[in-house]
$ cat upload_29.pdb   # PDB, C-alpha atoms
ATOM      1  CA  MET B1088      -2.263   0.152  25.984
ATOM      2  CA  PRO B1089      -1.794   3.294  28.116
ATOM      3  CA  ALA B1090      -3.326   3.346  31.564
ATOM      4  CA  ASP B1091      -7.077   3.437  31.994
ATOM      5  CA  THR B1092      -8.014   6.918  33.145
ATOM      6  CA  ALA B1093     -11.740   6.434  33.410
ATOM      7  CA  ALA B1094     -12.021   5.948  37.181
ATOM      8  CA  ALA B1095     -13.040   8.751  39.520
ATOM      9  CA  SER B1096     -10.201  10.816  40.911
ATOM     10  CA  GLY B1097     -11.028  10.668  44.616
ATOM     11  CA  SER B1098      -9.604  12.953  47.283
ATOM     12  CA  ALA B1099      -7.880  12.771  50.619
ATOM     13  CA  ASP B1100      -9.573  13.655  53.922
ATOM     14  CA  THR B1101      -7.987  17.095  53.679
ATOM     15  CA  GLY B1102      -9.814  17.747  50.434
ATOM     16  CA  ALA B1103      -6.598  17.748  48.387
ATOM     17  CA  PRO B1104      -6.781  15.549  45.266
ATOM     18  CA  LEU B1105      -5.082  12.182  45.560
ATOM     19  CA  PHE B1106      -2.045  11.832  43.329
ATOM     20  CA  SER B1107      -3.566   8.934  41.385
ATOM     21  CA  GLY B1108      -6.665  11.036  40.793
ATOM     22  CA  ARG B1109      -4.592  13.957  39.552
ATOM     23  CA  ILE B1110      -2.885  11.640  37.074
ATOM     24  CA  ARG B1111      -6.153  10.243  35.753
ATOM     25  CA  GLU B1112      -7.694  13.674  35.408
ATOM     26  CA  ALA B1113      -4.657  15.123  33.622
ATOM     27  CA  SER B1114      -4.391  12.216  31.189
ATOM     28  CA  TRP B1115      -8.090  11.760  30.444
ATOM     29  CA  SER B1116      -8.023  13.616  27.124
ATOM     30  CA  ARG B1117      -4.957  11.628  25.979
ATOM     31  CA  HIS B1118      -6.727   8.409  26.896
ATOM     32  CA  GLN B1119      -9.793   9.450  24.916
ATOM     33  CA  GLY B1120      -7.617  10.300  21.943
ATOM     34  CA  LEU B1121      -6.345   6.712  21.768
ATOM     35  CA  ASP B1122      -9.725   5.093  22.451
ATOM     36  CA  PRO B1123     -11.349   3.871  19.203
ATOM     37  CA  SER B1124     -14.784   4.066  20.836
ATOM     38  CA  ALA B1125     -14.395   7.769  21.641
ATOM     39  CA  GLY B1126     -16.122  10.105  19.218
ATOM     40  CA  THR B1127     -14.009  12.597  17.286
ATOM     41  CA  GLU B1128     -15.020  15.546  15.187
ATOM     42  CA  ALA B1129     -12.704  14.632  12.316
ATOM     43  CA  GLU B1130     -13.274  11.507  10.262
ATOM     44  CA  GLN B1131     -10.242   9.258  10.675
ATOM     45  CA  ALA B1132      -9.129   6.130   8.850
ATOM     46  CA  PRO B1133      -9.409   2.996  11.011
ATOM     47  CA  GLY B1134      -6.246   2.454  13.042
ATOM     48  CA  VAL B1135      -4.696  -0.534  14.777
ATOM     49  CA  PHE B1136      -7.214  -0.597  17.626
ATOM     50  CA  ASP B1137     -10.219  -0.146  15.337
ATOM     51  CA  ARG B1138      -9.122  -2.914  13.007
ATOM     52  CA  LEU B1139      -8.349  -5.277  15.872
ATOM     53  CA  PHE B1140     -11.808  -4.835  17.315
ATOM     54  CA  ASP B1141     -13.687  -5.068  14.006
ATOM     55  CA  GLY B1142     -11.686  -8.131  12.962
ATOM     56  CA  SER B1143      -9.977  -6.556   9.927
ATOM     57  CA  LEU B1144      -6.436  -6.336  11.359
ATOM     58  CA  SER B1145      -4.284  -8.912   9.569
ATOM     59  CA  VAL B1146      -2.198 -11.248  11.672
ATOM     60  CA  GLY B1147       0.848  -9.736   9.958
ATOM     61  CA  ASP B1148      -0.023  -6.226  11.098
ATOM     62  CA  TYR B1149      -0.910  -7.543  14.559
ATOM     63  CA  THR B1150       2.544  -9.125  14.696
ATOM     64  CA  ARG B1151       4.224  -5.876  13.634
ATOM     65  CA  TRP B1152       2.368  -4.041  16.400
ATOM     66  CA  HIS B1153       3.448  -6.720  18.885
ATOM     67  CA  ALA B1154       7.054  -6.348  17.755
ATOM     68  CA  GLN B1155       7.061  -2.595  18.424
ATOM     69  CA  GLN B1156       5.794  -3.203  21.951
ATOM     70  CA  TYR B1157       8.746  -5.514  22.528
ATOM     71  CA  PHE B1158      11.195  -2.610  22.294
ATOM     72  CA  VAL B1159       9.116  -0.423  24.620
ATOM     73  CA  TYR B1160       8.853  -3.066  27.342
ATOM     74  CA  GLN B1161      12.530  -3.936  27.043
ATOM     75  CA  ALA B1162      13.309  -0.338  27.992
ATOM     76  CA  ILE B1163      10.780  -0.213  30.841
ATOM     77  CA  GLU B1164      11.919  -3.520  32.319
ATOM     78  CA  ALA B1165      15.593  -2.613  32.069
ATOM     79  CA  ALA B1166      14.699   0.432  34.172
ATOM     80  CA  ALA B1167      12.744  -1.805  36.575
ATOM     81  CA  ALA B1168      15.870  -3.881  37.198
ATOM     82  CA  ARG B1169      17.821  -0.731  38.056
ATOM     83  CA  PHE B1170      15.153   0.609  40.418
ATOM     84  CA  ALA B1171      14.119  -2.633  42.128
ATOM     85  CA  ASP B1172      15.760  -1.606  45.411
ATOM     86  CA  ASP B1173      15.071   2.104  45.135
ATOM     87  CA  PRO B1174      13.007   3.405  48.117
ATOM     88  CA  VAL B1175      10.796   5.523  45.845
ATOM     89  CA  ALA B1176      10.477   3.513  42.611
ATOM     90  CA  GLY B1177      11.004   0.059  44.133
ATOM     91  CA  PRO B1178       7.402  -0.297  45.371
ATOM     92  CA  PHE B1179       6.275  -0.043  41.715
ATOM     93  CA  VAL B1180       8.508  -2.867  40.475
ATOM     94  CA  PHE B1181       6.311  -5.977  40.344
ATOM     95  CA  PRO B1182       7.774  -9.177  38.835
ATOM     96  CA  GLU B1183       4.243 -10.293  37.979
ATOM     97  CA  LEU B1184       3.892  -7.350  35.585
ATOM     98  CA  ALA B1185       6.947  -8.198  33.449
ATOM     99  CA  ARG B1186       5.921  -8.543  29.797
ATOM    100  CA  VAL B1187       9.155  -9.155  27.889
ATOM    101  CA  PRO B1188       9.180 -12.972  28.311
ATOM    102  CA  ALA B1189       5.548 -13.136  27.143
ATOM    103  CA  ILE B1190       6.201 -10.919  24.111
ATOM    104  CA  GLU B1191       9.234 -13.019  23.197
ATOM    105  CA  ALA B1192       7.109 -16.180  23.381
ATOM    106  CA  ASP B1193       4.390 -14.590  21.245
ATOM    107  CA  LEU B1194       6.857 -13.405  18.597
ATOM    108  CA  ARG B1195       8.502 -16.830  18.507
ATOM    109  CA  PHE B1196       5.055 -18.338  17.904
ATOM    110  CA  LEU B1197       4.084 -15.725  15.306
ATOM    111  CA  MET B1198       7.392 -15.455  13.453
ATOM    112  CA  GLY B1199       9.336 -18.612  14.206
ATOM    113  CA  PRO B1200      12.696 -19.110  15.917
ATOM    114  CA  LYS B1201      14.403 -16.414  13.816
ATOM    115  CA  TRP B1202      12.019 -13.682  14.945
ATOM    116  CA  ARG B1203      14.744 -11.378  16.266
ATOM    117  CA  SER B1204      16.132 -10.984  12.760
ATOM    118  CA  GLY B1205      12.790  -9.716  11.473
ATOM    119  CA  ILE B1206      11.966  -6.909  13.882
ATOM    120  CA  GLU B1207      13.279  -3.379  14.021
ATOM    121  CA  PRO B1208      11.920  -0.367  15.921
ATOM    122  CA  LEU B1209      10.093   2.210  13.851
ATOM    123  CA  PRO B1210      11.479   5.755  14.179
ATOM    124  CA  ALA B1211       8.508   6.587  16.427
ATOM    125  CA  THR B1212       9.249   3.542  18.586
ATOM    126  CA  LYS B1213      12.928   4.475  18.773
ATOM    127  CA  ALA B1214      11.938   7.961  19.959
ATOM    128  CA  TYR B1215       9.648   6.419  22.598
ATOM    129  CA  VAL B1216      12.399   4.089  23.827
ATOM    130  CA  ASP B1217      14.896   6.943  23.910
ATOM    131  CA  ARG B1218      12.480   8.944  26.057
ATOM    132  CA  ILE B1219      11.992   6.064  28.510
ATOM    133  CA  GLU B1220      15.744   5.559  28.813
ATOM    134  CA  ALA B1221      16.383   9.272  29.343
ATOM    135  CA  ALA B1222      13.561   9.781  31.865
ATOM    136  CA  ALA B1223      14.354   6.625  33.832
ATOM    137  CA  ALA B1224      18.134   6.877  33.657
ATOM    138  CA  ASP B1225      18.452   8.069  37.244
ATOM    139  CA  TRP B1226      15.069   9.554  38.137
ATOM    140  CA  PRO B1227      12.686   7.228  40.012
ATOM    141  CA  GLY B1228       9.728   9.284  38.846
ATOM    142  CA  GLY B1229      10.634   8.534  35.234
ATOM    143  CA  TYR B1230      10.283   4.818  35.811
ATOM    144  CA  ILE B1231       7.043   5.298  37.750
ATOM    145  CA  ALA B1232       5.537   7.406  34.957
ATOM    146  CA  HIS B1233       6.282   4.981  32.142
ATOM    147  CA  ALA B1234       5.505   1.824  34.111
ATOM    148  CA  TYR B1235       2.156   3.245  35.250
ATOM    149  CA  THR B1236       1.182   4.306  31.743
ATOM    150  CA  ARG B1237       1.828   0.923  30.194
ATOM    151  CA  TYR B1238       1.073  -1.673  32.861
ATOM    152  CA  LEU B1239      -2.154  -0.275  34.240
ATOM    153  CA  GLY B1240      -3.340   0.068  30.662
ATOM    154  CA  ASP B1241      -2.488  -3.584  30.022
ATOM    155  CA  LEU B1242      -4.577  -4.578  33.030
ATOM    156  CA  SER B1243      -7.459  -2.390  31.838
ATOM    157  CA  GLY B1244      -8.228  -1.826  28.155
ATOM    158  CA  GLY B1245      -5.419  -4.169  27.182
ATOM    159  CA  GLN B1246      -7.514  -7.113  28.341
ATOM    160  CA  ALA B1247     -10.018  -6.336  25.591
ATOM    161  CA  PHE B1248      -7.162  -6.444  23.080
ATOM    162  CA  GLY B1249      -6.245  -9.939  24.229
ATOM    163  CA  LYS B1250      -9.836 -11.137  23.873
ATOM    164  CA  ALA B1251     -10.083  -9.658  20.388
ATOM    165  CA  ALA B1252      -6.798 -11.276  19.302
ATOM    166  CA  ARG B1253      -7.885 -14.668  20.572
ATOM    167  CA  ARG B1254     -11.263 -14.286  18.867
ATOM    168  CA  ASN B1255      -9.910 -13.023  15.532
ATOM    169  CA  TYR B1256      -6.932 -15.326  15.103
ATOM    170  CA  GLY B1257      -7.968 -18.411  17.041
ATOM    171  CA  PHE B1258      -5.110 -18.063  19.524
ATOM    172  CA  GLU B1259      -5.211 -20.204  22.626
ATOM    173  CA  ASP B1260      -2.309 -19.084  24.801
ATOM    174  CA  GLU B1261       0.585 -18.347  22.442
ATOM    175  CA  GLY B1262       0.145 -15.329  20.230
ATOM    176  CA  ALA B1263      -1.703 -13.319  22.853
ATOM    177  CA  SER B1264       0.084 -14.348  26.058
ATOM    178  CA  PHE B1265       1.278 -10.745  26.352
ATOM    179  CA  TYR B1266      -2.180  -9.914  27.714
ATOM    180  CA  VAL B1267      -2.250 -12.747  30.265
ATOM    181  CA  PHE B1268      -1.195 -11.887  33.831
ATOM    182  CA  SER B1269      -1.396 -15.332  35.373
ATOM    183  CA  ASP B1270       0.126 -14.210  38.684
ATOM    184  CA  ILE B1271      -2.431 -11.446  39.199
ATOM    185  CA  LYS B1272      -5.666 -13.021  40.406
ATOM    186  CA  SER B1273      -7.678  -9.805  40.615
ATOM    187  CA  PRO B1274      -6.685  -7.002  38.211
ATOM    188  CA  LYS B1275      -9.034  -4.612  40.008
ATOM    189  CA  ALA B1276      -7.496  -5.292  43.423
ATOM    190  CA  PHE B1277      -4.019  -5.005  41.934
ATOM    191  CA  LYS B1278      -4.817  -1.658  40.304
ATOM    192  CA  ASP B1279      -6.321  -0.383  43.536
ATOM    193  CA  GLU B1280      -3.123  -1.294  45.390
ATOM    194  CA  TYR B1281      -0.997   0.297  42.675
ATOM    195  CA  ARG B1282      -2.958   3.559  42.921
ATOM    196  CA  ALA B1283      -2.717   3.469  46.711
ATOM    197  CA  ARG B1284       1.058   3.302  46.338
ATOM    198  CA  LEU B1285       0.937   6.267  43.983
ATOM    199  CA  ASP B1286      -1.031   8.219  46.565
ATOM    200  CA  ALA B1287       1.582   7.385  49.210
ATOM    201  CA  VAL B1288       4.670   7.888  47.056
ATOM    202  CA  ASP B1289       7.466   9.890  48.656
ATOM    203  CA  LEU B1290       7.951  12.559  45.996
ATOM    204  CA  ALA B1291       8.134  16.318  46.341
ATOM    205  CA  GLU B1292       5.313  18.282  44.737
ATOM    206  CA  ALA B1293       7.560  19.416  41.890
ATOM    207  CA  ASP B1294       8.481  15.803  41.160
ATOM    208  CA  LYS B1295       4.827  14.750  41.230
ATOM    209  CA  GLN B1296       4.004  17.370  38.634
ATOM    210  CA  ARG B1297       6.958  16.170  36.607
ATOM    211  CA  VAL B1298       5.597  12.613  36.778
ATOM    212  CA  VAL B1299       2.246  13.823  35.454
ATOM    213  CA  GLU B1300       3.976  15.599  32.573
ATOM    214  CA  GLU B1301       6.035  12.480  31.808
ATOM    215  CA  ILE B1302       2.880  10.372  31.689
ATOM    216  CA  LEU B1303       1.406  12.764  29.135
ATOM    217  CA  LEU B1304       4.586  12.423  27.078
ATOM    218  CA  ALA B1305       4.269   8.636  27.294
ATOM    219  CA  TYR B1306       0.743   8.898  25.886
ATOM    220  CA  ASP B1307       1.994  11.098  23.059
ATOM    221  CA  HIS B1308       4.786   8.680  22.197
ATOM    222  CA  ASN B1309       2.381   5.765  22.253
ATOM    223  CA  GLY B1310       0.055   7.662  19.922
ATOM    224  CA  ALA B1311       2.934   8.372  17.547
ATOM    225  CA  VAL B1312       3.818   4.659  17.367
ATOM    226  CA  LEU B1313       0.202   3.735  16.660
ATOM    227  CA  ALA B1314      -0.007   6.421  13.974
ATOM    228  CA  ALA B1315       3.158   5.100  12.314
ATOM    229  CA  LEU B1316       1.803   1.567  12.390
ATOM    230  CA  GLY B1317      -1.505   2.819  11.023
ATOM    231  CA  GLU B1318       0.196   4.286   7.975
ATOM    232  CA  GLY B1319       1.493   0.849   7.017
ATOM    233  CA  LEU B1320      -1.605  -1.237   7.682
ATOM    234  CA  GLY B1321      -2.225  -3.750   4.914
ATOM    235  CA  ARG B1322       0.691  -2.513   2.803
ATOM    236  CA  ASN B1323       3.239  -5.263   3.390
ATOM    237  CA  PRO B1324       2.447  -8.381   1.330
ATOM    238  CA  PHE B1325       5.040 -10.436   3.201
ATOM    239  CA  GLU B1326       4.276 -12.191   6.456
ATOM    240  CA  PRO B1327       6.572 -11.339   9.394
ATOM    241  CA  LYS B1328       7.868 -14.928   9.557
ATOM    242  CA  VAL B1329       8.971 -14.703   5.908
ATOM    243  CA  ILE B1330      10.751 -11.410   6.597
ATOM    244  CA  ALA B1331      12.450 -12.882   9.680
ATOM    245  CA  ALA B1332      13.662 -15.953   7.784
ATOM    246  CA  ILE B1333      15.104 -13.991   4.848
ATOM    247  CA  CYS B1334      16.733 -11.367   7.063
ATOM    248  CA  HIS B1335      18.283 -14.094   9.196
ATOM    249  CA  HIS B1336      19.583 -15.871   6.086
ATOM    250  CA  MET B1337      21.132 -12.670   4.697
ATOM    251  CA  ASN B1338      22.678 -11.636   7.999
ATOM    252  CA  THR B1339      23.966 -15.083   8.921
ATOM    253  CA  ASP B1340      24.941 -16.653   5.603
ATOM    254  CA  HIS B1341      25.500 -13.610   3.394
ATOM    255  CA  ALA B1342      26.743 -10.863   5.702
ATOM    256  CA  ALA B1343      29.475  -9.855   3.245
ATOM    257  CA  ASP B1344      26.941  -9.600   0.415
ATOM    258  CA  THR B1345      24.663  -7.488   2.588
ATOM    259  CA  LEU B1346      27.541  -5.090   3.213
ATOM    260  CA  VAL B1347      28.273  -4.851  -0.524
ATOM    261  CA  ILE B1348      24.618  -4.001  -1.211
ATOM    262  CA  CYS B1349      24.690  -1.209   1.359
ATOM    263  CA  GLN B1350      27.975   0.137   0.059
ATOM    264  CA  GLY B1351      26.822   0.024  -3.554
ATOM    265  CA  ALA B1352      23.058   0.328  -4.048
ATOM    266  CA  GLY B1353      22.746   1.920  -0.617
ATOM    267  CA  GLY B1354      25.295   4.603  -1.397
ATOM    268  CA  ARG B1355      27.304   4.027   1.791
ATOM    269  CA  ARG B1356      30.777   3.197   0.498
ATOM    270  CA  GLY B1357      32.272   3.789   3.934
ATOM    271  CA  ALA B1358      30.020   1.247   5.661
ATOM    272  CA  GLU B1359      31.976  -1.042   7.979
ATOM    273  CA  SER B1360      29.257  -3.644   8.540
ATOM    274  CA  ALA B1361      25.611  -4.027   7.653
ATOM    275  CA  ARG B1362      22.512  -6.079   8.305
ATOM    276  CA  MET B1363      19.146  -6.484   6.633
ATOM    277  CA  THR B1364      16.353  -5.358   8.931
ATOM    278  CA  GLY B1365      13.223  -5.895   6.849
ATOM    279  CA  PHE B1366      11.462  -5.449   3.524
ATOM    280  CA  ASP B1367       8.080  -4.945   1.955
ATOM    281  CA  GLY B1368       6.666  -4.874  -1.548
ATOM    282  CA  GLU B1369       8.412  -1.630  -2.437
ATOM    283  CA  GLY B1370      11.939  -2.139  -1.118
ATOM    284  CA  ALA B1371      14.364  -3.459   1.487
ATOM    285  CA  ASP B1372      15.602  -1.958   4.742
ATOM    286  CA  PHE B1373      19.118  -2.235   6.087
ATOM    287  CA  ALA B1374      21.191  -0.830   8.938
ATOM    288  CA  ALA B1375      24.846  -0.070   8.273
ATOM    289  CA  VAL B1376      27.607   1.034  10.609
ATOM    290  CA  VAL B1377      29.250   4.169   9.182
ATOM    291  CA  ASP B1378      31.974   5.928  11.175
ATOM    292  CA  GLY B1379      30.961   3.927  14.216
ATOM    293  CA  THR B1380      27.282   4.872  14.036
ATOM    294  CA  GLU B1381      24.472   2.661  12.749
ATOM    295  CA  VAL B1382      22.368   4.383  10.092
ATOM    296  CA  PRO B1383      19.212   3.148   8.328
ATOM    297  CA  ILE B1384      19.266   2.486   4.579
ATOM    298  CA  ARG B1385      16.248   2.023   2.344
ATOM    299  CA  ILE B1386      16.737   0.535  -1.144
ATOM    300  CA  ALA B1387      13.832   0.328  -3.589
ATOM    301  CA  TRP B1388      13.170  -2.799  -5.637
ATOM    302  CA  ALA B1389      13.315  -2.454  -9.414
ATOM    303  CA  ALA B1390       9.571  -3.188  -9.430
ATOM    304  CA  PRO B1391       6.986  -3.989  -6.743
ATOM    305  CA  LEU B1392       7.204  -7.495  -5.284
ATOM    306  CA  SER B1393       4.395  -9.590  -3.833
ATOM    307  CA  GLU B1394       5.689 -13.159  -3.673
ATOM    308  CA  ARG B1395       8.474 -14.701  -1.601
ATOM    309  CA  ALA B1396      10.018 -16.262  -4.705
ATOM    310  CA  GLU B1397      10.568 -12.791  -6.174
ATOM    311  CA  VAL B1398      12.761 -11.601  -3.304
ATOM    312  CA  ARG B1399      15.866 -13.704  -3.927
ATOM    313  CA  PRO B1400      16.343 -12.687  -7.594
ATOM    314  CA  GLU B1401      15.941  -9.049  -6.615
ATOM    315  CA  ILE B1402      18.549  -9.320  -3.867
ATOM    316  CA  VAL B1403      20.912 -11.057  -6.289
ATOM    317  CA  ARG B1404      20.376  -8.172  -8.738
ATOM    318  CA  LEU B1405      21.160  -5.617  -6.044
ATOM    319  CA  PHE B1406      24.331  -7.481  -5.087
ATOM    320  CA  THR B1407      25.505  -7.907  -8.688
ATOM    321  CA  GLU B1408      24.924  -4.256  -9.552
ATOM    322  CA  SER B1409      26.493  -3.083  -6.282
ATOM    323  CA  LYS B1410      29.601  -5.226  -6.811
ATOM    324  CA  ALA B1411      30.001  -3.849 -10.328
ATOM    325  CA  ALA B1412      29.576  -0.267  -9.114
ATOM    326  CA  LEU B1413      32.231  -0.741  -6.427
ATOM    327  CA  SER B1414      34.786  -2.292  -8.806
TER     328      SER B1414
END

$ encode --input "upload_29.pdb" --output "structure tokens"
Amino acid sequence: MPADTAAASGSADTGAPLFSGRIREASWSRHQGLDPSAGTEAEQAPGVFDRLFDGSLSVGDYTRWHAQQYFVYQAIEAAAARFADDPVAGPFVFPELARVPAIEADLRFLMGPKWRSGIEPLPATKAYVDRIEAAAADWPGGYIAHAYTRYLGDLSGGQAFGKAARRNYGFEDEGASFYVFSDIKSPKAFKDEYRARLDAVDLAEADKQRVVEEILLAYDHNGAVLAALGEGLGRNPFEPKVIAAICHHMNTDHAADTLVICQGAGGRRGAESARMTGFDGEGADFAAVVDGTEVPIRIAWAAPLSERAEVRPEIVRLFTESKAALS
């Protein structure tokens, strides 16, 4: 959840707007655009947030949303490790904010021990991660912008998400531990301190404006991920744990067969290696290394599938036909 921008902006004794206030004011419209309670002129189909709050978001779609957040926080927390001792960005690196271990625990609970085999970033998520990595490669302001956008949102509106998940799915701790900040006793006091550090940050005016612009980009990327997830809501008949188990089996026990499928049915004869990354009722997704670069491959089933027992015969068909085509 992007940062809460609803608080008043405030100003310094000189009358100049505080930096934290400038950020909240600049990002207010983006925040409203992601808020399911905000009125919009156009009628929109319910998205991830709406369905979570009204109780209609399936646990499978909740899990897929959780999985996309994993990739985003991996990128942010890799940047945090690089900037921990930086005089400008270091004050915004808080171990108590780290979310990756909690997301990993949630995905293990939701998908089983083979969860890593069943998650893959959506194109929108990949673009978001690429932006974080580029902005925070060597610019402290890039880390500050993306950390602020995500973590302060988690401590604000994100807490409502955790309550809704626990209510809808009967979770106790696991499954929604992403939203639990056990080492932060007072989220309000923590956010106040965080904003005070923003107001005191040692950045030139041009860099401050650049931070604001980067925060707006972070909102846009977050919105794109939610939109992509929204397009697939309710469309995958297979639970994430089933996808993870089958992908793990193909990639661990049948890696050579997976490569044949990508070379044959996938049309990538030059593929050097391949892995299965997911599937739904309409087809299977793979990633193959071609000329040293990993490329996505989508292969349609012969007919729509809806049961786990239907997947194996269809994969066998793809392998058999691919092997024949390559002979």

$ resolve_selection --input "upload_29.pdb" --expression "the PyMOL selection byres ((chain B and resi 1307) around 12)" --output "PyMOL selection string"
chain B and resi 1089+1114+1116-1118+1120-1121+1211-1212+1214-1215+1218+1233+1236+1300-1306+1308-1314

$ residues_around --input "upload_29.pdb" --residues "range 1342-1359 of chain B" --least-positions-apart "4" --cutoff "12 Å" --atoms "only C-alpha atoms" --output "PyMOL selection string"
chain B and resi 1333-1338+1363-1364+1370-1389+1401-1414

$ resolve_selection --input "upload_29.pdb" --expression "the PyMOL selection byres ((chain B and resi 1326) around 10)" --output "list in words"
Ser1145, Val1146, Gly1147, Asp1148, Thr1150, Arg1151, Leu1197, Met1198, Asn1323, Pro1324, Phe1325, Pro1327, Lys1328, Val1329, Ile1330, Ala1331, Asp1367 and Arg1395 of chain B

$ closest_residue --input "upload_29.pdb" --among "B:Tyr1230, B:Tyr1266, B:Phe1140, B:Phe1106" --to "Glu1164 in chain B" --atoms "only C-alpha atoms"
B:Tyr1230

$ residues_around --input "upload_29.pdb" --residues "Tyr1160 in chain B" --least-positions-apart "6" --cutoff "12 Å" --atoms "only C-alpha atoms" --output "list in words"
Met1088, His1153, Ala1154, Ala1166, Ala1167, Leu1184, Ala1185, Arg1186, Val1187, Pro1188, Ala1189, Ile1190, Glu1191, Thr1212, Tyr1215, Val1216, Ile1219, Glu1220, Tyr1230, His1233, Ala1234, Thr1236, Arg1237, Tyr1238, Asp1241 and Phe1265 of chain B

$ atom_distance --input "upload_29.pdb" --atom1 "CA of Ala1361 in chain B" --atom2 "CA of Gly1205 in chain B"
14.5 Å

$ closest_residue --input "upload_29.pdb" --among "B:Val1159, B:Ala1165, B:Ala1396, B:Ala1263" --to "Phe1248 in chain B" --atoms "only C-alpha atoms"
B:Ala1263

$ atom_distance --input "upload_29.pdb" --atom1 "CA of Val1288 in chain B" --atom2 "CA of Val1175 in chain B"
6.7 Å

$ closest_residue --input "upload_29.pdb" --among "B:Gly1321, B:Gly1365, B:His1341, B:Phe1258" --to "Phe1196 in chain B" --atoms "all atoms listed in the file"
B:Phe1258
